[in-house]
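As stored in final_30.cif (mmCIF, C-alpha atoms and all ligand atoms):
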```cif
data_coords
loop_
_atom_site.label_atom_id
_atom_site.label_comp_id
_atom_site.auth_asym_id
_atom_site.auth_seq_id
_atom_site.Cartn_x
_atom_site.Cartn_y
_atom_site.Cartn_z
CA MET C 1100 0.00 0.00 0.00
CA ILE C 1101 1.06 3.61 -0.55
CA LYS C 1102 2.69 5.25 2.48
CA ASN C 1103 2.09 8.96 2.03
CA ILE C 1104 -0.35 11.37 0.41
CA SER C 1105 -0.79 15.06 -0.30
CA VAL C 1106 -4.27 16.57 -0.11
CA LEU C 1107 -5.54 19.36 -2.33
CA GLY C 1108 -8.54 20.89 -0.51
CA SER C 1109 -7.97 19.30 2.90
CA THR C 1110 -10.42 21.52 4.84
CA GLY C 1111 -13.53 20.58 2.85
CA SER C 1112 -15.99 17.75 3.17
CA ILE C 1113 -13.96 15.26 1.09
CA GLY C 1114 -10.69 16.66 2.47
CA THR C 1115 -11.58 16.14 6.13
CA GLN C 1116 -12.95 12.66 5.40
CA THR C 1117 -9.70 11.89 3.54
CA LEU C 1118 -7.74 12.85 6.66
CA ASP C 1119 -10.00 10.57 8.69
CA VAL C 1120 -9.10 7.72 6.32
CA ALA C 1121 -5.38 8.67 6.49
CA ARG C 1122 -5.58 8.70 10.30
CA ASN C 1123 -7.18 5.23 10.36
CA LEU C 1124 -4.68 3.78 7.88
CA GLY C 1125 -1.69 5.47 9.54
CA LEU C 1126 -0.62 7.29 6.36
CA GLN C 1127 1.94 10.08 6.36
CA VAL C 1128 0.43 13.35 5.04
CA ASN C 1129 3.04 15.36 3.14
CA ALA C 1130 0.98 18.39 2.17
CA LEU C 1131 -2.35 20.05 2.97
CA SER C 1132 -4.17 22.95 1.35
CA ALA C 1133 -7.16 25.24 1.72
CA HIS C 1134 -8.68 28.26 0.07
CA SER C 1135 -8.71 30.45 3.21
CA SER C 1136 -9.95 28.50 6.26
CA ILE C 1137 -6.70 28.70 8.20
CA GLU C 1138 -8.05 27.80 11.65
CA LEU C 1139 -8.98 24.29 10.55
CA LEU C 1140 -5.82 24.07 8.44
CA GLU C 1141 -3.71 24.92 11.50
CA GLU C 1142 -5.38 22.11 13.47
CA GLN C 1143 -4.65 19.73 10.61
CA ILE C 1144 -1.01 20.88 10.42
CA ARG C 1145 -0.52 20.34 14.16
CA GLU C 1146 -1.94 16.83 13.90
CA PHE C 1147 -0.38 15.60 10.64
CA LYS C 1148 2.87 17.63 10.59
CA PRO C 1149 3.04 18.01 6.78
CA ARG C 1150 6.12 19.44 5.04
CA LEU C 1151 3.96 21.89 3.09
CA ALA C 1152 0.69 23.78 3.54
CA VAL C 1153 -0.84 25.92 0.80
CA VAL C 1154 -3.40 28.67 1.40
CA PHE C 1155 -4.81 30.06 -1.82
CA GLU C 1156 -5.33 33.58 -0.40
CA GLU C 1157 -1.96 35.25 0.21
CA ALA C 1158 -3.20 37.41 3.14
CA LYS C 1159 -4.44 34.31 4.95
CA ALA C 1160 -1.20 32.47 4.15
CA LYS C 1161 0.69 35.30 5.91
CA GLU C 1162 -1.50 34.93 9.00
CA LEU C 1163 -0.94 31.18 9.03
CA ARG C 1164 2.85 31.58 8.74
CA LEU C 1165 2.78 33.59 11.97
CA SER C 1166 0.50 31.23 13.87
CA ILE C 1167 2.50 28.10 13.00
CA ALA C 1168 5.94 29.68 13.28
CA ASP C 1169 6.77 27.06 15.95
CA THR C 1170 6.36 24.18 13.43
CA SER C 1171 8.54 23.11 10.50
CA THR C 1172 5.70 23.29 7.93
CA LYS C 1173 6.41 25.59 4.98
CA VAL C 1174 3.45 27.78 3.92
CA LEU C 1175 2.91 28.80 0.30
CA SER C 1176 0.04 30.61 -1.42
CA GLY C 1177 -1.80 31.07 -4.71
CA MET C 1178 -1.75 28.88 -7.80
CA ASP C 1179 2.06 28.61 -7.55
CA GLY C 1180 1.64 26.99 -4.15
CA LEU C 1181 -1.02 24.57 -5.44
CA LEU C 1182 1.28 23.62 -8.32
CA GLU C 1183 4.21 23.01 -5.97
CA LEU C 1184 1.99 20.76 -3.84
CA SER C 1185 0.78 18.88 -6.94
CA GLY C 1186 4.29 18.37 -8.28
CA ASP C 1187 5.75 17.00 -5.02
CA ASP C 1188 7.08 13.45 -4.58
CA SER C 1189 4.14 11.98 -2.62
CA ASP C 1190 2.94 8.49 -3.57
CA LEU C 1191 -0.54 9.83 -4.35
CA MET C 1192 -2.42 13.13 -4.38
CA VAL C 1193 -6.03 13.32 -3.25
CA ASN C 1194 -7.68 16.02 -5.33
CA ALA C 1195 -10.53 17.20 -3.09
CA ILE C 1196 -10.65 20.81 -4.25
CA VAL C 1197 -13.95 22.21 -5.53
CA GLY C 1198 -14.16 23.79 -8.97
CA MET C 1199 -12.14 23.77 -12.18
CA VAL C 1200 -9.42 25.75 -10.38
CA GLY C 1201 -8.16 22.18 -9.81
CA LEU C 1202 -7.36 21.65 -13.50
CA ALA C 1203 -3.81 23.04 -13.61
CA PRO C 1204 -2.82 21.27 -10.34
CA THR C 1205 -4.29 18.02 -11.72
CA LEU C 1206 -2.20 18.30 -14.88
CA GLU C 1207 0.87 19.11 -12.77
CA ALA C 1208 0.32 16.03 -10.58
CA ILE C 1209 -0.07 13.82 -13.67
CA ASN C 1210 3.06 15.31 -15.25
CA SER C 1211 4.97 14.51 -12.05
CA GLY C 1212 3.97 10.85 -12.51
CA LYS C 1213 1.65 10.66 -9.49
CA ASP C 1214 -1.55 8.67 -9.18
CA ILE C 1215 -4.53 10.77 -8.13
CA ALA C 1216 -7.50 9.88 -5.93
CA PHE C 1217 -9.89 12.13 -7.76
CA ALA C 1218 -12.99 13.89 -6.37
CA ASN C 1219 -12.72 17.19 -8.26
CA LYS C 1220 -15.26 16.48 -11.04
CA GLU C 1221 -15.41 20.07 -12.39
CA THR C 1222 -11.81 19.65 -13.57
CA LEU C 1223 -12.61 16.53 -15.59
CA VAL C 1224 -15.75 18.11 -17.02
CA ALA C 1225 -13.91 21.24 -18.12
CA GLY C 1226 -10.64 19.64 -19.22
CA GLY C 1227 -11.51 15.98 -19.81
CA GLU C 1228 -9.59 15.56 -23.03
CA LEU C 1229 -6.43 17.25 -21.72
CA VAL C 1230 -6.51 15.30 -18.48
CA MET C 1231 -7.15 11.90 -20.07
CA ASN C 1232 -4.46 12.47 -22.71
CA ALA C 1233 -1.98 13.36 -19.96
CA VAL C 1234 -3.02 10.29 -17.95
CA LYS C 1235 -2.29 8.08 -20.96
CA GLU C 1236 0.97 9.80 -21.75
CA HIS C 1237 2.33 9.48 -18.21
CA GLY C 1238 0.80 6.09 -17.39
CA VAL C 1239 -0.68 7.27 -14.08
CA LYS C 1240 -3.97 6.24 -12.46
CA LEU C 1241 -6.96 8.54 -11.97
CA LEU C 1242 -8.77 6.68 -9.20
CA PRO C 1243 -12.39 7.82 -8.79
CA VAL C 1244 -13.59 9.10 -5.41
CA ASP C 1245 -17.05 10.22 -6.50
CA SER C 1246 -19.30 7.48 -5.07
CA GLU C 1247 -20.98 6.62 -8.39
CA HIS C 1248 -17.69 6.43 -10.26
CA SER C 1249 -16.08 4.43 -7.49
CA ALA C 1250 -19.05 2.03 -7.72
CA ILE C 1251 -18.62 1.67 -11.48
CA PHE C 1252 -14.85 1.25 -11.04
CA GLN C 1253 -15.42 -1.43 -8.38
CA CYS C 1254 -17.91 -3.27 -10.63
CA LEU C 1255 -15.46 -3.07 -13.54
CA GLN C 1256 -12.92 -5.07 -11.52
CA ALA C 1257 -15.16 -8.06 -12.34
CA ALA C 1258 -15.31 -7.30 -16.07
CA PRO C 1259 -13.02 -8.80 -18.70
CA PRO C 1260 -10.77 -6.32 -20.53
CA SER C 1261 -12.77 -6.65 -23.76
CA LYS C 1262 -15.64 -4.26 -24.46
CA VAL C 1263 -18.58 -6.13 -22.95
CA ILE C 1264 -20.23 -3.30 -21.05
CA LYS C 1265 -23.57 -2.40 -22.62
CA LYS C 1266 -24.31 0.55 -20.38
CA ILE C 1267 -23.55 2.33 -17.17
CA LEU C 1268 -26.47 2.84 -14.79
CA LEU C 1269 -25.58 6.00 -12.91
CA THR C 1270 -27.69 6.32 -9.80
CA ALA C 1271 -28.94 9.67 -8.48
CA SER C 1272 -30.66 10.42 -5.20
CA GLY C 1273 -32.82 13.03 -6.91
CA GLY C 1274 -31.88 15.54 -4.19
CA PRO C 1275 -34.30 17.49 -1.99
CA PHE C 1276 -36.63 18.47 -4.85
CA PHE C 1277 -37.28 15.14 -6.56
CA GLY C 1278 -40.80 14.96 -8.02
CA LYS C 1279 -41.38 18.72 -7.83
CA THR C 1280 -42.66 20.76 -10.80
CA ALA C 1281 -40.99 23.93 -12.08
CA ASP C 1282 -43.86 25.90 -10.60
CA GLN C 1283 -43.19 24.42 -7.15
CA LEU C 1284 -39.49 25.25 -7.46
CA LYS C 1285 -39.95 28.94 -8.32
CA ASP C 1286 -39.44 30.27 -4.82
CA VAL C 1287 -37.31 27.64 -3.08
CA THR C 1288 -34.75 29.06 -0.67
CA VAL C 1289 -31.03 28.41 -0.33
CA GLU C 1290 -31.73 26.65 2.97
CA GLN C 1291 -34.23 24.28 1.33
CA ALA C 1292 -31.78 23.54 -1.48
CA LEU C 1293 -29.00 22.86 1.03
CA ALA C 1294 -31.06 20.21 2.87
CA HIS C 1295 -29.90 17.06 1.06
CA PRO C 1296 -31.83 13.95 2.13
CA ASN C 1297 -28.93 11.42 2.22
CA TRP C 1298 -25.48 12.99 1.93
CA SER C 1299 -23.63 15.61 3.95
CA MET C 1300 -21.39 17.49 1.49
CA GLY C 1301 -19.88 20.89 0.67
CA ALA C 1302 -22.30 23.71 -0.22
CA LYS C 1303 -21.53 23.85 -3.96
CA ILE C 1304 -22.12 20.17 -4.66
CA THR C 1305 -25.22 20.17 -2.42
CA ILE C 1306 -26.78 22.87 -4.61
CA ASP C 1307 -25.60 20.95 -7.71
CA SER C 1308 -27.48 17.92 -6.35
CA ALA C 1309 -30.64 19.98 -5.91
CA THR C 1310 -30.47 21.29 -9.52
CA MET C 1311 -29.25 17.85 -10.80
CA MET C 1312 -26.28 19.66 -12.35
CA ASN C 1313 -24.29 17.21 -10.24
CA LYS C 1314 -25.67 14.28 -12.23
CA GLY C 1315 -24.99 16.09 -15.50
CA LEU C 1316 -21.38 16.68 -14.42
CA GLU C 1317 -21.18 13.02 -13.41
CA ILE C 1318 -22.33 11.78 -16.83
CA ILE C 1319 -19.47 13.73 -18.40
CA GLU C 1320 -17.06 12.56 -15.67
CA ALA C 1321 -18.06 8.91 -16.30
CA ALA C 1322 -17.76 9.29 -20.08
CA TRP C 1323 -14.13 10.41 -19.66
CA LEU C 1324 -13.12 8.05 -16.86
CA PHE C 1325 -14.54 4.93 -18.47
CA ASP C 1326 -14.18 5.90 -22.15
CA THR C 1327 -17.95 5.51 -22.62
CA ASP C 1328 -20.37 7.08 -25.09
CA PRO C 1329 -22.65 9.39 -23.01
CA ASP C 1330 -25.64 7.77 -24.76
CA ASP C 1331 -24.67 4.53 -22.98
CA ILE C 1332 -24.94 6.18 -19.56
CA GLU C 1333 -28.43 6.03 -18.09
CA VAL C 1334 -29.38 8.02 -15.01
CA VAL C 1335 -31.55 6.05 -12.56
CA VAL C 1336 -33.05 7.92 -9.63
CA HIS C 1337 -32.63 5.75 -6.55
CA ARG C 1338 -33.93 7.68 -3.55
CA GLU C 1339 -32.21 5.68 -0.81
CA SER C 1340 -28.59 6.10 -2.07
CA ILE C 1341 -27.66 2.52 -1.14
CA ILE C 1342 -26.81 1.32 -4.65
CA HIS C 1343 -24.04 3.67 -5.73
CA SER C 1344 -24.18 2.74 -9.45
CA MET C 1345 -24.26 -0.31 -11.72
CA ILE C 1346 -22.90 -1.69 -14.95
CA GLU C 1347 -24.89 -3.76 -17.43
CA PHE C 1348 -23.10 -6.31 -19.59
CA THR C 1349 -23.97 -7.35 -23.16
CA ASP C 1350 -25.83 -10.40 -21.76
CA ASN C 1351 -28.04 -8.05 -19.65
CA SER C 1352 -26.49 -9.21 -16.39
CA VAL C 1353 -26.16 -6.23 -14.01
CA LEU C 1354 -23.53 -5.67 -11.31
CA ALA C 1355 -24.12 -3.11 -8.57
CA GLN C 1356 -22.01 -1.77 -5.70
CA LEU C 1357 -23.83 -1.08 -2.44
CA GLY C 1358 -22.94 0.44 0.89
CA MET C 1359 -23.93 3.09 3.41
CA PRO C 1360 -23.90 6.61 1.92
CA ASP C 1361 -20.52 7.52 3.46
CA MET C 1362 -17.73 8.90 1.28
CA ARG C 1363 -15.01 7.30 3.38
CA ILE C 1364 -15.56 3.99 1.55
CA PRO C 1365 -14.85 5.36 -1.95
CA ILE C 1366 -12.09 7.66 -0.64
CA GLN C 1367 -10.35 4.74 1.06
CA TYR C 1368 -10.73 2.45 -1.95
CA ALA C 1369 -9.16 5.09 -4.21
CA ILE C 1370 -6.23 5.36 -1.79
CA THR C 1371 -5.68 1.64 -1.16
CA TYR C 1372 -6.69 0.25 -4.61
CA PRO C 1373 -6.49 -2.61 -5.43
CA GLU C 1374 -6.37 -3.65 -1.75
CA ARG C 1375 -9.17 -3.30 0.79
CA TYR C 1376 -8.79 -2.55 4.49
CA PRO C 1377 -11.26 -2.30 7.39
CA SER C 1378 -13.03 1.07 7.47
CA PRO C 1379 -14.90 3.04 10.14
CA VAL C 1380 -18.06 3.04 7.99
CA ALA C 1381 -21.05 1.10 9.36
CA GLU C 1382 -22.21 -2.16 7.76
CA LEU C 1383 -25.44 -2.10 5.79
CA ASP C 1384 -28.25 -3.30 8.03
CA TRP C 1385 -30.32 -5.38 5.61
CA THR C 1386 -33.25 -5.72 8.03
CA LYS C 1387 -33.65 -1.92 8.12
CA LEU C 1388 -33.43 -1.65 4.32
CA SER C 1389 -37.14 -2.19 3.89
CA ARG C 1390 -37.21 -1.11 0.25
CA MET C 1391 -35.24 0.39 -2.61
CA THR C 1392 -37.04 2.59 -5.14
CA PHE C 1393 -36.10 3.56 -8.69
CA TYR C 1394 -37.42 6.25 -11.04
CA SER C 1395 -36.38 7.97 -14.25
CA ALA C 1396 -34.81 11.44 -14.10
CA ASP C 1397 -36.78 14.55 -15.07
CA ASP C 1398 -34.48 16.64 -17.25
CA THR C 1399 -37.31 18.94 -18.35
CA THR C 1400 -37.74 20.40 -14.88
CA PHE C 1401 -34.07 19.95 -13.97
CA LYS C 1402 -32.64 21.80 -16.96
CA CYS C 1403 -29.01 21.52 -15.85
CA LEU C 1404 -29.14 17.81 -16.55
CA ALA C 1405 -30.33 18.37 -20.13
CA ALA C 1406 -27.77 21.18 -20.59
CA CYS C 1407 -24.89 18.89 -19.61
CA LYS C 1408 -26.07 16.18 -22.01
CA LYS C 1409 -26.27 18.79 -24.77
CA ALA C 1410 -22.81 20.16 -23.91
CA MET C 1411 -21.30 16.69 -24.11
CA LYS C 1412 -23.02 16.07 -27.49
CA LYS C 1413 -21.69 19.38 -28.84
CA GLY C 1414 -18.29 18.25 -27.57
CA GLY C 1415 -15.08 20.29 -27.58
CA LEU C 1416 -15.13 23.03 -24.99
CA TYR C 1417 -18.91 23.00 -24.41
CA PRO C 1418 -18.65 20.96 -21.19
CA ALA C 1419 -16.20 23.63 -19.93
CA VAL C 1420 -18.83 26.25 -20.78
CA ALA C 1421 -21.58 24.36 -18.94
CA ASN C 1422 -19.33 23.92 -15.93
CA GLY C 1423 -18.09 27.54 -15.86
CA ALA C 1424 -21.63 28.91 -16.19
CA ASN C 1425 -22.78 26.64 -13.38
CA GLU C 1426 -19.90 27.52 -11.05
CA VAL C 1427 -21.00 31.17 -11.24
CA ALA C 1428 -24.76 30.54 -11.22
CA ASN C 1429 -24.46 28.17 -8.24
CA ARG C 1430 -22.50 30.85 -6.33
CA LEU C 1431 -24.99 33.61 -7.30
CA PHE C 1432 -27.89 31.49 -6.02
CA ARG C 1433 -26.08 30.84 -2.71
CA ASP C 1434 -25.46 34.61 -2.47
CA ARG C 1435 -29.22 35.13 -3.06
CA LYS C 1436 -28.63 37.12 -6.26
CA ILE C 1437 -30.65 34.78 -8.55
CA SER C 1438 -33.46 32.26 -8.09
CA PHE C 1439 -33.11 28.50 -8.02
CA LEU C 1440 -34.61 28.04 -11.51
CA ASP C 1441 -32.31 30.75 -12.92
CA ILE C 1442 -29.39 28.33 -12.51
CA GLY C 1443 -30.79 25.91 -15.12
CA GLU C 1444 -31.80 28.77 -17.44
CA LEU C 1445 -28.32 30.33 -17.31
CA VAL C 1446 -26.41 27.08 -17.83
CA THR C 1447 -28.67 26.14 -20.77
CA SER C 1448 -28.39 29.56 -22.34
CA ALA C 1449 -24.58 29.58 -21.97
CA VAL C 1450 -24.35 26.22 -23.77
CA ASP C 1451 -26.73 27.45 -26.50
CA ASN C 1452 -25.21 30.88 -27.08
CA ILE C 1453 -21.46 30.81 -26.52
CA ASP C 1454 -19.28 29.87 -29.49
CA VAL C 1455 -16.27 27.73 -28.66
CA THR C 1456 -14.25 25.14 -30.55
CA SER C 1457 -12.10 22.26 -29.35
CA ALA C 1458 -9.49 22.29 -26.59
CA ALA C 1459 -5.90 22.21 -27.74
CA CYS C 1460 -4.34 23.32 -24.45
CA LEU C 1461 -5.01 24.49 -20.90
CA ASP C 1462 -5.37 28.12 -22.06
CA ASP C 1463 -8.24 27.15 -24.40
CA VAL C 1464 -10.12 25.60 -21.47
CA LEU C 1465 -9.43 28.60 -19.27
CA ARG C 1466 -10.69 30.94 -22.03
CA ALA C 1467 -13.92 28.94 -22.50
CA ASP C 1468 -14.44 28.92 -18.73
CA LYS C 1469 -13.92 32.69 -18.56
CA ALA C 1470 -16.32 33.31 -21.46
CA ALA C 1471 -18.99 31.26 -19.67
CA ARG C 1472 -18.48 33.11 -16.40
CA GLU C 1473 -18.67 36.52 -18.12
CA TYR C 1474 -21.76 35.43 -20.04
CA VAL C 1475 -23.60 34.55 -16.83
CA TYR C 1476 -22.67 37.87 -15.19
CA SER C 1477 -23.86 39.72 -18.32
CA GLN C 1478 -27.28 38.04 -18.10
CA ILE C 1479 -28.24 39.04 -14.56
P1 LIG C 1501 -15.96 21.73 0.03
O1 LIG C 1501 -16.46 23.05 -0.39
O2 LIG C 1501 -16.44 21.13 1.30
O3 LIG C 1501 -14.35 21.75 0.08
C1 LIG C 1501 -13.59 22.28 -0.94
C2 LIG C 1501 -12.12 22.34 -0.55
O4 LIG C 1501 -11.41 23.00 -1.60
C3 LIG C 1501 -11.85 23.15 0.71
O5 LIG C 1501 -10.76 22.59 1.39
C4 LIG C 1501 -11.47 24.52 0.17
O6 LIG C 1501 -10.66 25.27 1.05
C5 LIG C 1501 -10.69 24.10 -1.06
N1 LIG C 1501 -10.61 25.15 -2.09
C6 LIG C 1501 -11.63 25.72 -2.77
N2 LIG C 1501 -11.14 26.63 -3.64
C7 LIG C 1501 -9.81 26.62 -3.52
C8 LIG C 1501 -8.73 27.32 -4.12
N3 LIG C 1501 -8.94 28.25 -5.06
N4 LIG C 1501 -7.47 27.02 -3.73
C9 LIG C 1501 -7.23 26.10 -2.78
N5 LIG C 1501 -8.20 25.40 -2.17
C10 LIG C 1501 -9.45 25.65 -2.53
O7 LIG C 1501 -16.26 20.73 -1.19
P2 LIG C 1501 -16.46 19.14 -1.15
O8 LIG C 1501 -17.89 18.85 -0.94
O9 LIG C 1501 -15.43 18.50 -0.29
O10 LIG C 1501 -16.18 18.78 -2.69
C11 LIG C 1501 -14.87 18.74 -3.23
C12 LIG C 1501 -14.95 18.10 -4.61
O11 LIG C 1501 -15.36 16.76 -4.47
C13 LIG C 1501 -15.94 18.78 -5.54
O12 LIG C 1501 -15.47 18.72 -6.85
C14 LIG C 1501 -17.18 17.89 -5.41
O13 LIG C 1501 -18.00 17.92 -6.56
C15 LIG C 1501 -16.53 16.52 -5.24
N6 LIG C 1501 -17.36 15.54 -4.53
C16 LIG C 1501 -17.75 15.79 -3.25
C17 LIG C 1501 -18.52 14.86 -2.57
C18 LIG C 1501 -18.92 15.08 -1.14
O14 LIG C 1501 -19.51 14.17 -0.53
N7 LIG C 1501 -18.63 16.21 -0.52
C19 LIG C 1501 -18.92 13.68 -3.21
C20 LIG C 1501 -18.50 13.46 -4.51
C21 LIG C 1501 -17.72 14.39 -5.16
MG MG C 1502 -21.49 11.55 -6.83
#
```

For this file, produce the structure as structure tokens.
Ligand code: NAD
Ligand code: MG
Amino acid sequence: MIKNISVLGSTGSIGTQTLDVARNLGLQVNALSAHSSIELLEEQIREFKPRLAVVFEEAKAKELRLSIADTSTKVLSGMDGLLELSGDDSDLMVNAIVGMVGLAPTLEAINSGKDIAFANKETLVAGGELVMNAVKEHGVKLLPVDSEHSAIFQCLQAAPPSKVIKKILLTASGGPFFGKTADQLKDVTVEQALAHPNWSMGAKITIDSATMMNKGLEIIEAAWLFDTDPDDIEVVVHRESIIHSMIEFTDNSVLAQLGMPDMRIPIQYAITYPERYPSPVAELDWTKLSRMTFYSADDTTFKCLAACKKAMKKGGLYPAVANGANEVANRLFRDRKISFLDIGELVTSAVDNIDVTSAACLDDVLRADKAAREYVYSQI
């Protein structure tokens, strides 16, 4: 098993659960990073004694340097700091940052020959082609952390190397607003959208779950990770979040991966793959699992889902546009500047109205992302 890790985004929901896994497995943590939450980062530094800590905001990095002056941890800031962390000599990097700001660090980690336990879906949506080409070129592993993709990856361990997968059945909880009509969603509040029925996650992805943008991003993520035609990925709403996804073979046999909705299972599997170790997650109690329900997804009401499918069909930089537009719209909704339904309208309209071509390099992706962000701001 690997001995040490670095963690991009260690103060978030996936980041803190990653440190819980590292604590349980007794892994050395070489580097930690946060956007600006230095109090929690300081606690993590004092516990894990990393060589490096990166705080994206320079002013906060300065504050942290003073408060941990008694330790030997070096503190860096900005994108340069994130790139230094990503290029270090750890056995594996856990990418638990939120947003496509993780793209350049991901490419840097791949170029340095490191395997990545990968949660940061926005990066793969925006820069899928660049990332997957780099993965092939450097022969590294992109090990999925997202629960659905971990489930598919776990099921694929039982598949022969030949192409016998007919489709991927990507499960979705449906979020807090499953079954609601557009009319019923007109006035929903940020608090209502943040109340996810099954998972406790960071604010951005919780809103993405409510709009079903999360499932749209995940279709694109799965298409890249598993080299699958998006038309062969079917979203199945499964309200209980016990089945984390399935694969269907050519003979119509279906394999599923099940477990409690707790991210520490997929995080740990990505870190210890192909081995398995005991985890702190509870066993499934089959006697309490009275039923499992399944429905189709409503991409007429949940427009983000349709917009992501359209972006993937258009190809090139359109997924980067959908993602960039959503990163801004999601933030504007949380800041109470736009309504819940505006998110779907803005993402759809960005995909329909912005002209972009294919991605030749990182700058192309960054330009498409910027165009999408500016477009959303110009519409409100
Ligand atoms: P979060 O908001 O809880 O945490 C995000 C982390 O990224 C924090 O540590 C934050 O400080 C850091 N960060 C953000 N911007 C940064 C920047 N510019 N520079 C440096 N650090 C920065 O988010 P999360 O819920 O942990 O999600 C992280 C990623 O994992 C997202 O891509 C999300 O879609 C994905 N994911 C999350 C879950 C979950 O259960 N939380 C499940 C599946 C996938
Ligand atoms: Mg998921």

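Atom pair atom P2 of ligand LIG 1501 (chain C) / CA of Ala1218 in chain C has a distance of 8.2 Å (rounded to one decimal).
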
**OP:** Would you mind listing the residues within 8 Å of ligand LIG 1501 (chain C), counting only C-alpha atoms and all ligand atoms, as a ChimeraX atom specification?
**Re:** /C:1107-1115,1132-1136,1153-1156,1177-1178,1181,1194-1198,1200-1201,1217-1222,1244-1246,1298-1305,1313,1361-1362

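Residues surrounding Asp1169 in chain C within 12 Å are Glu1141, Ile1144, Arg1145, Lys1148, Leu1163 and Arg1164 of chain C [all atoms listed in the file; sequence separation below 5 positions excluded].
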
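For the choices C:Thr1447, C:Asn1103, C:Ser1389, C:Ser1340, the atom-to-atom distance to ligand MG 1502 (chain C) is smallest for C:Ser1340 when using only C-alpha atoms and all ligand atoms.
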
Subject >> Within 9 Å of file point (6.7, 24.2, 8.4), counting all atoms listed in the file, expressed as number ranges by chain >> reply: C: 1144, 1148-1152, 1164, 1167-1174

**OP:** Please identify all polymer residues within 7 Å of range 1250-1266 of chain C, counting only C-alpha atoms, omitting same-chain residues fewer than 6 positions from it, and present them as a PyMOL selection string.
**Re:** chain C and resi 1331-1332+1343-1349+1354-1356

**OP:** Determine, counting all atoms listed in the file, which protein, DNA and RNA residues have an atom within 10 Å of an atom of Asp1214 in chain C; residues of the same chain fewer than 4 positions away are not included. Present the result as an NGL selection string.
**Re:** :C and (1189-1193 or 1208-1209 or 1234 or 1237-1242 or 1369-1370)

**OP:** Name the residues in contact with range 1285-1296 of chain C at a cut-off of 10 Å, using only C-alpha atoms, excluding same-chain residues fewer than 3 positions from it; report them as JSON, numbers by chain.
**Re:** {"C": [1272, 1273, 1274, 1275, 1276, 1280, 1281, 1282, 1299, 1300, 1301, 1302, 1303, 1304, 1305, 1306, 1307, 1308, 1309, 1310, 1338, 1339, 1340, 1432, 1433, 1434, 1435, 1438, 1439, 1440, 1441]}

Pull C-alpha atoms from the residues just selected and write them as a PDB file, in the frame of the given file.
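Dumped everything to part_21.pdb:
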```
ATOM      1  CA  SER C1272     -30.660  10.420  -5.200  1.00  0.00           C
ATOM      2  CA  GLY C1273     -32.820  13.030  -6.910  1.00  0.00           C
ATOM      3  CA  GLY C1274     -31.880  15.540  -4.190  1.00  0.00           C
ATOM      4  CA  PRO C1275     -34.300  17.490  -1.990  1.00  0.00           C
ATOM      5  CA  PHE C1276     -36.630  18.470  -4.850  1.00  0.00           C
ATOM      6  CA  THR C1280     -42.660  20.760 -10.800  1.00  0.00           C
ATOM      7  CA  ALA C1281     -40.990  23.930 -12.080  1.00  0.00           C
ATOM      8  CA  ASP C1282     -43.860  25.900 -10.600  1.00  0.00           C
ATOM      9  CA  SER C1299     -23.630  15.610   3.950  1.00  0.00           C
ATOM     10  CA  MET C1300     -21.390  17.490   1.490  1.00  0.00           C
ATOM     11  CA  GLY C1301     -19.880  20.890   0.670  1.00  0.00           C
ATOM     12  CA  ALA C1302     -22.300  23.710  -0.220  1.00  0.00           C
ATOM     13  CA  LYS C1303     -21.530  23.850  -3.960  1.00  0.00           C
ATOM     14  CA  ILE C1304     -22.120  20.170  -4.660  1.00  0.00           C
ATOM     15  CA  THR C1305     -25.220  20.170  -2.420  1.00  0.00           C
ATOM     16  CA  ILE C1306     -26.780  22.870  -4.610  1.00  0.00           C
ATOM     17  CA  ASP C1307     -25.600  20.950  -7.710  1.00  0.00           C
ATOM     18  CA  SER C1308     -27.480  17.920  -6.350  1.00  0.00           C
ATOM     19  CA  ALA C1309     -30.640  19.980  -5.910  1.00  0.00           C
ATOM     20  CA  THR C1310     -30.470  21.290  -9.520  1.00  0.00           C
ATOM     21  CA  ARG C1338     -33.930   7.680  -3.550  1.00  0.00           C
ATOM     22  CA  GLU C1339     -32.210   5.680  -0.810  1.00  0.00           C
ATOM     23  CA  SER C1340     -28.590   6.100  -2.070  1.00  0.00           C
ATOM     24  CA  PHE C1432     -27.890  31.490  -6.020  1.00  0.00           C
ATOM     25  CA  ARG C1433     -26.080  30.840  -2.710  1.00  0.00           C
ATOM     26  CA  ASP C1434     -25.460  34.610  -2.470  1.00  0.00           C
ATOM     27  CA  ARG C1435     -29.220  35.130  -3.060  1.00  0.00           C
ATOM     28  CA  SER C1438     -33.460  32.260  -8.090  1.00  0.00           C
ATOM     29  CA  PHE C1439     -33.110  28.500  -8.020  1.00  0.00           C
ATOM     30  CA  LEU C1440     -34.610  28.040 -11.510  1.00  0.00           C
ATOM     31  CA  ASP C1441     -32.310  30.750 -12.920  1.00  0.00           C
TER      32      ASP C1441
END
```

Can you build me a table of range 1326-1428 of chain C residues sitting at most 12 Å from range 1452-1467 of chain C, with the closest atom pair per residue and its distance in Å to one decimal, using all atoms listed in the file, sorted by chain and residue number, as a Markdown table?
```
| residue | atom | partner | partner_atom | distance |
| --- | --- | --- | --- | --- |
| C:Ala1406 | CA | C:Asn1452 | CA | 11.9 |
| C:Ala1410 | CA | C:Ile1453 | CA | 11.0 |
| C:Met1411 | CA | C:Ser1457 | CA | 12.0 |
| C:Lys1413 | CA | C:Thr1456 | CA | 9.6 |
| C:Gly1414 | CA | C:Ser1457 | CA | 7.6 |
| C:Gly1415 | CA | C:Ser1457 | CA | 4.0 |
| C:Leu1416 | CA | C:Ser1457 | CA | 5.4 |
| C:Tyr1417 | CA | C:Val1455 | CA | 6.9 |
| C:Pro1418 | CA | C:Ala1467 | CA | 9.4 |
| C:Ala1419 | CA | C:Ala1467 | CA | 6.3 |
| C:Val1420 | CA | C:Ala1467 | CA | 5.9 |
| C:Ala1421 | CA | C:Ala1467 | CA | 9.6 |
| C:Asn1422 | CA | C:Ala1467 | CA | 9.9 |
| C:Gly1423 | CA | C:Ala1467 | CA | 8.0 |
| C:Ala1424 | CA | C:Ala1467 | CA | 10.0 |
```
